[in-house]
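Participant: Below you will find the structure I want to go over with you.
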Amino acid sequence: QITMMQSDIQSLNSTIVNATTCDLGPWANCTGVDLTGMDLSGLDLQGINLANAILTNADLSGANLDYSVLTNARLDGADLTATDIKMANLNDVYMFETNANDTDFRMSDMKDANLQQSYFRDADFRFTDLTFFSTTYSDFYNADFRHSKITYGYMNNAEMRFVDFRYSDMTSNYAVNSNFTYAKLQYSVLISSDFSISDLTGTNFEDADASDIYFYQCTFSNTKWTDGTLVNSDPT
């Protein structure tokens, strides 16, 4: 019985610590907090520290998370629709079946981010660092990656129709079996990138650096190559 009482006291102390150190609001320290399933929609959480936090199935739609720290946070099943997450630290963040349509990630640090089977339609990734990020079966339809860094990334089996990659660095990027129909890749760096088995119908490579690019079994149809010519087969 004494052991049970001690356990209850320890649990109560833990709750008190969380309550006093994680007052949800701008610049709060909520490291490691469990916010599973919580409704945080529309809240001003600018600068909040949510490193290692669990946000599974949480509703963050329309929230302000600019300048926040979400390193190693779990956002599987979370709703980030139209959320502002600019200039944030999302290194090693985990998203699985996450809805981030219309979300603003501009100028954020997303190195080693793990984005699986999630939705990023019309999301803004301009000037974002996605080095070593990984995504599989995710939907980035009409997303904006201009001036972003996607080196050594993995974007396999991804929906990339109408995505804007202009001026981005995609050196040594793997984009296998993905749909790049009408994607914009002008002025991007694609050195040693692998687009095997991808659909490149109407994709624009004009003025891109495509040195050592790999196009195994790709679909070409009215694809604009680096010199501005339209091609219907592998131009390399």
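We name chains A, B, ... following the order of the structure tokens; residues begin at 1 in each chain, and ligands are numbered from 1 as shown.
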Quick one: residues within 12 Å of A:Thr81, only C-alpha atoms counted, chain neighbours fewer than 5 positions away excluded, as a list in words?
Facilitator: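 That gives Leu40, Ser41, Gly42, Ala58, Asp59, Leu60, Ser61, Gly62, Ala63, Asn64, Thr98, Asn99, Ala100, Asn101, Asp102, Thr103, Asp104, Phe105, Ser118, Tyr119, Phe120, Arg121, Asp122, Ala123 and Asp124 of chain A.
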Participant: Under the rule that only C-alpha atoms are counted, which of A:Lys224, A:Asp209, A:Ile197, A:Ala113 is the nearest residue to A:Tyr182?
Facilitator: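 Among the listed residues, the smallest separation from A:Tyr182 belongs to A:Lys224.
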Participant: So, counting only C-alpha atoms, which residue among A:Asp199, A:Asn142, A:Met160, A:Met170 is closest to A:Leu130?
Facilitator: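 Closest to A:Leu130 of all the choices is A:Met170.
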Participant: Out of A:Ala183, A:Ala88, A:Cys218, A:Val176, which residue has the shortest atom-to-atom distance to A:Leu70 when counting only C-alpha atoms?
Facilitator: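 The answer is A:Ala88, which sits nearest to A:Leu70.
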Participant: Report as JSON, numbers by chain all protein, DNA and RNA residues lying within 8 Å of A:Val189, evaluated on only C-alpha atoms, omitting residues in the same chain fewer than 4 positions from it.
Facilitator: {"A": [167, 168, 169, 170, 171, 208, 209, 210]}
Participant: Go ahead and save the picked residues with N, CA and C atoms, as a PDB file, in the first residue's frame.
Facilitator:
ATOM      1  N   TYR A 167      15.161  26.934 -58.463  1.00  0.00           N
ATOM      2  CA  TYR A 167      16.302  27.437 -57.686  1.00  0.00           C
ATOM      3  C   TYR A 167      16.612  26.579 -56.448  1.00  0.00           C
ATOM      4  N   SER A 168      16.042  25.393 -56.374  1.00  0.00           N
ATOM      5  CA  SER A 168      16.327  24.530 -55.224  1.00  0.00           C
ATOM      6  C   SER A 168      17.573  23.677 -55.487  1.00  0.00           C
ATOM      7  N   ASP A 169      18.181  23.197 -54.405  1.00  0.00           N
ATOM      8  CA  ASP A 169      19.339  22.311 -54.504  1.00  0.00           C
ATOM      9  C   ASP A 169      18.886  20.890 -54.169  1.00  0.00           C
ATOM     10  N   MET A 170      18.838  20.036 -55.200  1.00  0.00           N
ATOM     11  CA  MET A 170      18.399  18.651 -55.019  1.00  0.00           C
ATOM     12  C   MET A 170      19.530  17.680 -55.332  1.00  0.00           C
ATOM     13  N   THR A 171      20.742  18.076 -55.037  1.00  0.00           N
ATOM     14  CA  THR A 171      21.911  17.238 -55.287  1.00  0.00           C
ATOM     15  C   THR A 171      21.778  15.885 -54.584  1.00  0.00           C
ATOM     16  N   ALA A 208      18.412  23.942 -65.635  1.00  0.00           N
ATOM     17  CA  ALA A 208      18.806  23.204 -64.429  1.00  0.00           C
ATOM     18  C   ALA A 208      20.159  22.539 -64.651  1.00  0.00           C
ATOM     19  N   ASP A 209      20.881  22.271 -63.572  1.00  0.00           N
ATOM     20  CA  ASP A 209      22.132  21.519 -63.651  1.00  0.00           C
ATOM     21  C   ASP A 209      21.791  20.048 -63.450  1.00  0.00           C
ATOM     22  N   ALA A 210      21.745  19.308 -64.551  1.00  0.00           N
ATOM     23  CA  ALA A 210      21.334  17.907 -64.514  1.00  0.00           C
ATOM     24  C   ALA A 210      22.512  16.954 -64.721  1.00  0.00           C
TER      25      ALA A 210
END
Participant: Quick one: pick out all strand (DSSP E) residues within stretch 51-215 of chain A from a backbone DSSP run and write them as number ranges by chain.
Facilitator: A: 94-96, 114-116, 134-136, 154-156
Participant: Take the residues just selected and output them with all heavy atoms as a compact mmCIF listing (two decimals), in the first residue's frame.
Facilitator:
# COMPACT_ATOMS: atom_id res chain seq x y z
N TYR A 94 8.77 13.75 -36.78
CA TYR A 94 8.13 12.56 -37.36
C TYR A 94 6.67 12.86 -37.66
O TYR A 94 5.91 13.26 -36.77
CB TYR A 94 8.23 11.37 -36.40
CG TYR A 94 7.53 10.12 -36.91
CD1 TYR A 94 8.09 9.38 -37.95
CD2 TYR A 94 6.33 9.69 -36.36
CE1 TYR A 94 7.47 8.25 -38.44
CE2 TYR A 94 5.69 8.56 -36.84
CZ TYR A 94 6.26 7.83 -37.87
OH TYR A 94 5.64 6.71 -38.35
N MET A 95 6.29 12.70 -38.94
CA MET A 95 4.91 12.87 -39.35
C MET A 95 4.46 11.64 -40.12
O MET A 95 5.08 11.27 -41.11
CB MET A 95 4.76 14.12 -40.23
CG MET A 95 5.13 15.42 -39.58
SD MET A 95 4.78 16.84 -40.67
CE MET A 95 5.61 18.16 -39.78
N PHE A 96 3.38 11.04 -39.67
CA PHE A 96 2.80 9.88 -40.35
C PHE A 96 1.29 10.11 -40.43
O PHE A 96 0.63 10.34 -39.41
CB PHE A 96 3.10 8.58 -39.59
CG PHE A 96 2.44 7.37 -40.19
CD1 PHE A 96 2.93 6.80 -41.35
CD2 PHE A 96 1.32 6.81 -39.58
CE1 PHE A 96 2.31 5.68 -41.91
CE2 PHE A 96 0.70 5.70 -40.12
CZ PHE A 96 1.20 5.12 -41.29
N ASN A 114 11.14 13.11 -41.05
CA ASN A 114 10.56 11.86 -41.54
C ASN A 114 9.07 12.10 -41.81
O ASN A 114 8.27 12.17 -40.87
CB ASN A 114 10.76 10.77 -40.47
CG ASN A 114 10.51 9.38 -41.02
OD1 ASN A 114 10.03 9.22 -42.13
ND2 ASN A 114 10.83 8.37 -40.22
N LEU A 115 8.72 12.25 -43.08
CA LEU A 115 7.37 12.66 -43.47
C LEU A 115 6.73 11.54 -44.28
O LEU A 115 6.91 11.46 -45.49
CB LEU A 115 7.42 13.96 -44.28
CG LEU A 115 8.35 15.07 -43.76
CD1 LEU A 115 8.36 16.25 -44.74
CD2 LEU A 115 7.89 15.53 -42.37
N GLN A 116 5.96 10.69 -43.65
CA GLN A 116 5.46 9.49 -44.31
C GLN A 116 3.94 9.53 -44.47
O GLN A 116 3.20 9.85 -43.54
CB GLN A 116 5.85 8.25 -43.49
CG GLN A 116 7.34 8.11 -43.23
CD GLN A 116 8.17 8.07 -44.50
OE1 GLN A 116 7.74 7.51 -45.51
NE2 GLN A 116 9.35 8.65 -44.46
N SER A 134 13.14 12.43 -45.48
CA SER A 134 12.61 11.23 -46.13
C SER A 134 11.10 11.31 -46.20
O SER A 134 10.43 11.65 -45.21
CB SER A 134 13.02 9.98 -45.34
OG SER A 134 12.41 8.82 -45.87
N THR A 135 10.54 11.00 -47.38
CA THR A 135 9.09 10.96 -47.51
C THR A 135 8.70 9.85 -48.48
O THR A 135 9.34 9.67 -49.52
CB THR A 135 8.51 12.32 -47.97
OG1 THR A 135 7.09 12.27 -47.92
CG2 THR A 135 8.96 12.67 -49.38
N THR A 136 7.67 9.11 -48.13
CA THR A 136 7.18 8.03 -48.97
C THR A 136 5.65 8.08 -49.00
O THR A 136 5.02 8.26 -47.95
CB THR A 136 7.63 6.65 -48.44
OG1 THR A 136 9.05 6.65 -48.28
CG2 THR A 136 7.25 5.54 -49.40
N TYR A 154 15.06 11.74 -49.73
CA TYR A 154 14.33 10.61 -50.31
C TYR A 154 12.87 11.03 -50.44
O TYR A 154 12.20 11.29 -49.43
CB TYR A 154 14.44 9.37 -49.41
CG TYR A 154 15.81 8.76 -49.38
CD1 TYR A 154 16.80 9.26 -48.53
CD2 TYR A 154 16.14 7.68 -50.20
CE1 TYR A 154 18.07 8.70 -48.50
CE2 TYR A 154 17.41 7.12 -50.18
CZ TYR A 154 18.37 7.63 -49.32
OH TYR A 154 19.61 7.08 -49.30
N MET A 155 12.38 11.07 -51.68
CA MET A 155 10.97 11.39 -51.92
C MET A 155 10.39 10.36 -52.87
O MET A 155 10.08 10.64 -54.02
CB MET A 155 10.81 12.83 -52.44
CG MET A 155 11.74 13.22 -53.56
SD MET A 155 11.41 14.90 -54.20
CE MET A 155 11.90 15.90 -52.80
N ASN A 156 10.27 9.15 -52.38
CA ASN A 156 9.85 8.03 -53.21
C ASN A 156 8.34 7.82 -53.18
O ASN A 156 7.68 8.05 -52.16
CB ASN A 156 10.55 6.75 -52.75
CG ASN A 156 12.05 6.86 -52.85
OD1 ASN A 156 12.58 7.58 -53.71
ND2 ASN A 156 12.77 6.16 -51.99
Participant: Using only C-alpha atoms, find the one residue out of A:Phe220, A:Phe140, A:Phe205, A:Tyr67 that sits nearest to A:Lys184.
Facilitator: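 The shortest atom-to-atom distance to A:Lys184 comes from A:Phe205.
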Participant: Pick the closest to A:Leu190 from A:Ala158, A:Leu24, A:Val163, A:Ile150: which is it, counting only C-alpha atoms?
Facilitator: A:Ile150
Participant: Here is a test: counting only C-alpha atoms, which residue of A:Thr223, A:Thr203, A:Ser192, A:Asn173 is nearest to A:Arg161?
Facilitator: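 Smallest distance to A:Arg161 is found for A:Thr203.
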Participant: Do a neighbour search on A:Asp207 at 8 Å with only C-alpha atoms, toss out local chain neighbours closer than 3 positions, and write the hits as a ChimeraX atom specification.
Facilitator: /A:186-188,226-228
Participant: Quick one: everything within 10 Å of A:Val93, counting only C-alpha atoms, minus sequence neighbours fewer than 2 positions away in the same chain. Send it as a PyMOL selection string.
Facilitator: chain A and resi 51-53+69-76+89-91+95+110-115+133
Participant: Taking N, CA, C and O atoms for each residue, export the selection above as an mmCIF file, in the first residue's frame.
Facilitator:
data_model
loop_
_atom_site.group_PDB
_atom_site.id
_atom_site.type_symbol
_atom_site.label_atom_id
_atom_site.label_comp_id
_atom_site.auth_asym_id
_atom_site.auth_seq_id
_atom_site.Cartn_x
_atom_site.Cartn_y
_atom_site.Cartn_z
ATOM 1 N N ALA A 51 10.280 20.260 -28.200
ATOM 2 C CA ALA A 51 11.244 19.210 -28.531
ATOM 3 C C ALA A 51 10.848 17.914 -27.832
ATOM 4 O O ALA A 51 10.487 17.921 -26.649
ATOM 5 N N ASN A 52 10.884 16.804 -28.572
ATOM 6 C CA ASN A 52 10.556 15.472 -28.049
ATOM 7 C C ASN A 52 9.111 15.354 -27.568
ATOM 8 O O ASN A 52 8.758 14.398 -26.867
ATOM 9 N N ALA A 53 8.271 16.313 -27.920
ATOM 10 C CA ALA A 53 6.871 16.266 -27.499
ATOM 11 C C ALA A 53 6.096 15.244 -28.329
ATOM 12 O O ALA A 53 6.457 14.922 -29.462
ATOM 13 N N VAL A 69 10.338 25.140 -31.557
ATOM 14 C CA VAL A 69 11.290 24.032 -31.577
ATOM 15 C C VAL A 69 10.484 22.731 -31.514
ATOM 16 O O VAL A 69 9.785 22.470 -30.527
ATOM 17 N N LEU A 70 10.579 21.953 -32.577
ATOM 18 C CA LEU A 70 9.845 20.687 -32.659
ATOM 19 C C LEU A 70 10.793 19.536 -32.984
ATOM 20 O O LEU A 70 10.406 18.544 -33.591
ATOM 21 N N THR A 71 12.033 19.660 -32.563
ATOM 22 C CA THR A 71 13.008 18.612 -32.845
ATOM 23 C C THR A 71 12.563 17.291 -32.222
ATOM 24 O O THR A 71 12.190 17.231 -31.055
ATOM 25 N N ASN A 72 12.573 16.264 -33.046
ATOM 26 C CA ASN A 72 12.248 14.902 -32.604
ATOM 27 C C ASN A 72 10.817 14.774 -32.068
ATOM 28 O O ASN A 72 10.500 13.836 -31.330
ATOM 29 N N ALA A 73 9.959 15.727 -32.410
ATOM 30 C CA ALA A 73 8.559 15.653 -31.973
ATOM 31 C C ALA A 73 7.791 14.669 -32.842
ATOM 32 O O ALA A 73 8.121 14.453 -34.004
ATOM 33 N N ARG A 74 6.743 14.066 -32.263
ATOM 34 C CA ARG A 74 5.874 13.144 -33.001
ATOM 35 C C ARG A 74 4.580 13.865 -33.357
ATOM 36 O O ARG A 74 3.861 14.330 -32.468
ATOM 37 N N LEU A 75 4.309 13.929 -34.650
ATOM 38 C CA LEU A 75 3.107 14.595 -35.137
ATOM 39 C C LEU A 75 2.261 13.648 -35.987
ATOM 40 O O LEU A 75 1.535 14.084 -36.875
ATOM 41 N N ASP A 76 2.360 12.356 -35.714
ATOM 42 C CA ASP A 76 1.605 11.397 -36.509
ATOM 43 C C ASP A 76 0.103 11.589 -36.265
ATOM 44 O O ASP A 76 -0.364 11.684 -35.130
ATOM 45 N N ASN A 89 12.454 24.990 -35.858
ATOM 46 C CA ASN A 89 13.409 23.893 -35.848
ATOM 47 C C ASN A 89 12.636 22.583 -35.796
ATOM 48 O O ASN A 89 12.061 22.234 -34.761
ATOM 49 N N LEU A 90 12.604 21.887 -36.934
ATOM 50 C CA LEU A 90 11.890 20.617 -37.020
ATOM 51 C C LEU A 90 12.840 19.472 -37.355
ATOM 52 O O LEU A 90 12.451 18.490 -38.003
ATOM 53 N N ASN A 91 14.074 19.562 -36.909
ATOM 54 C CA ASN A 91 15.019 18.473 -37.145
ATOM 55 C C ASN A 91 14.472 17.169 -36.566
ATOM 56 O O ASN A 91 13.999 17.131 -35.421
ATOM 57 N N MET A 95 6.294 12.696 -38.937
ATOM 58 C CA MET A 95 4.908 12.874 -39.354
ATOM 59 C C MET A 95 4.460 11.644 -40.122
ATOM 60 O O MET A 95 5.085 11.267 -41.107
ATOM 61 N N MET A 110 14.476 21.578 -41.362
ATOM 62 C CA MET A 110 13.799 20.287 -41.333
ATOM 63 C C MET A 110 14.750 19.150 -41.715
ATOM 64 O O MET A 110 14.351 18.150 -42.317
ATOM 65 N N LYS A 111 15.991 19.288 -41.328
ATOM 66 C CA LYS A 111 16.960 18.226 -41.631
ATOM 67 C C LYS A 111 16.537 16.921 -40.952
ATOM 68 O O LYS A 111 16.090 16.911 -39.805
ATOM 69 N N ASP A 112 16.671 15.834 -41.716
ATOM 70 C CA ASP A 112 16.346 14.487 -41.217
ATOM 71 C C ASP A 112 14.870 14.328 -40.846
ATOM 72 O O ASP A 112 14.505 13.412 -40.103
ATOM 73 N N ALA A 113 14.007 15.203 -41.345
ATOM 74 C CA ALA A 113 12.570 15.056 -41.081
ATOM 75 C C ALA A 113 12.053 13.778 -41.737
ATOM 76 O O ALA A 113 12.468 13.407 -42.832
ATOM 77 N N ASN A 114 11.136 13.113 -41.051
ATOM 78 C CA ASN A 114 10.559 11.862 -41.539
ATOM 79 C C ASN A 114 9.074 12.099 -41.806
ATOM 80 O O ASN A 114 8.270 12.172 -40.873
ATOM 81 N N LEU A 115 8.716 12.246 -43.079
ATOM 82 C CA LEU A 115 7.367 12.662 -43.465
ATOM 83 C C LEU A 115 6.725 11.541 -44.283
ATOM 84 O O LEU A 115 6.908 11.465 -45.490
ATOM 85 N N PHE A 133 16.067 14.575 -45.557
ATOM 86 C CA PHE A 133 14.685 14.257 -45.194
ATOM 87 C C PHE A 133 14.188 13.051 -45.987
ATOM 88 O O PHE A 133 14.734 12.682 -47.021
#
Participant: Near A:Thr36, within 7 Å and counting only C-alpha atoms, which residues show up once chain neighbours fewer than 3 positions away are dropped, as a list in words?
Facilitator: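 The contact residues come out as Ile54, Leu55, Thr56, Asn57 and Ala58 of chain A.
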Participant: Fewer than 2 positions away in the same chain doesn't count, so skip those; otherwise give me all residues within 8 Å of A:Asp164, counting only C-alpha atoms, as number ranges by chain.
Facilitator: A: 142-146, 162, 166, 183-185
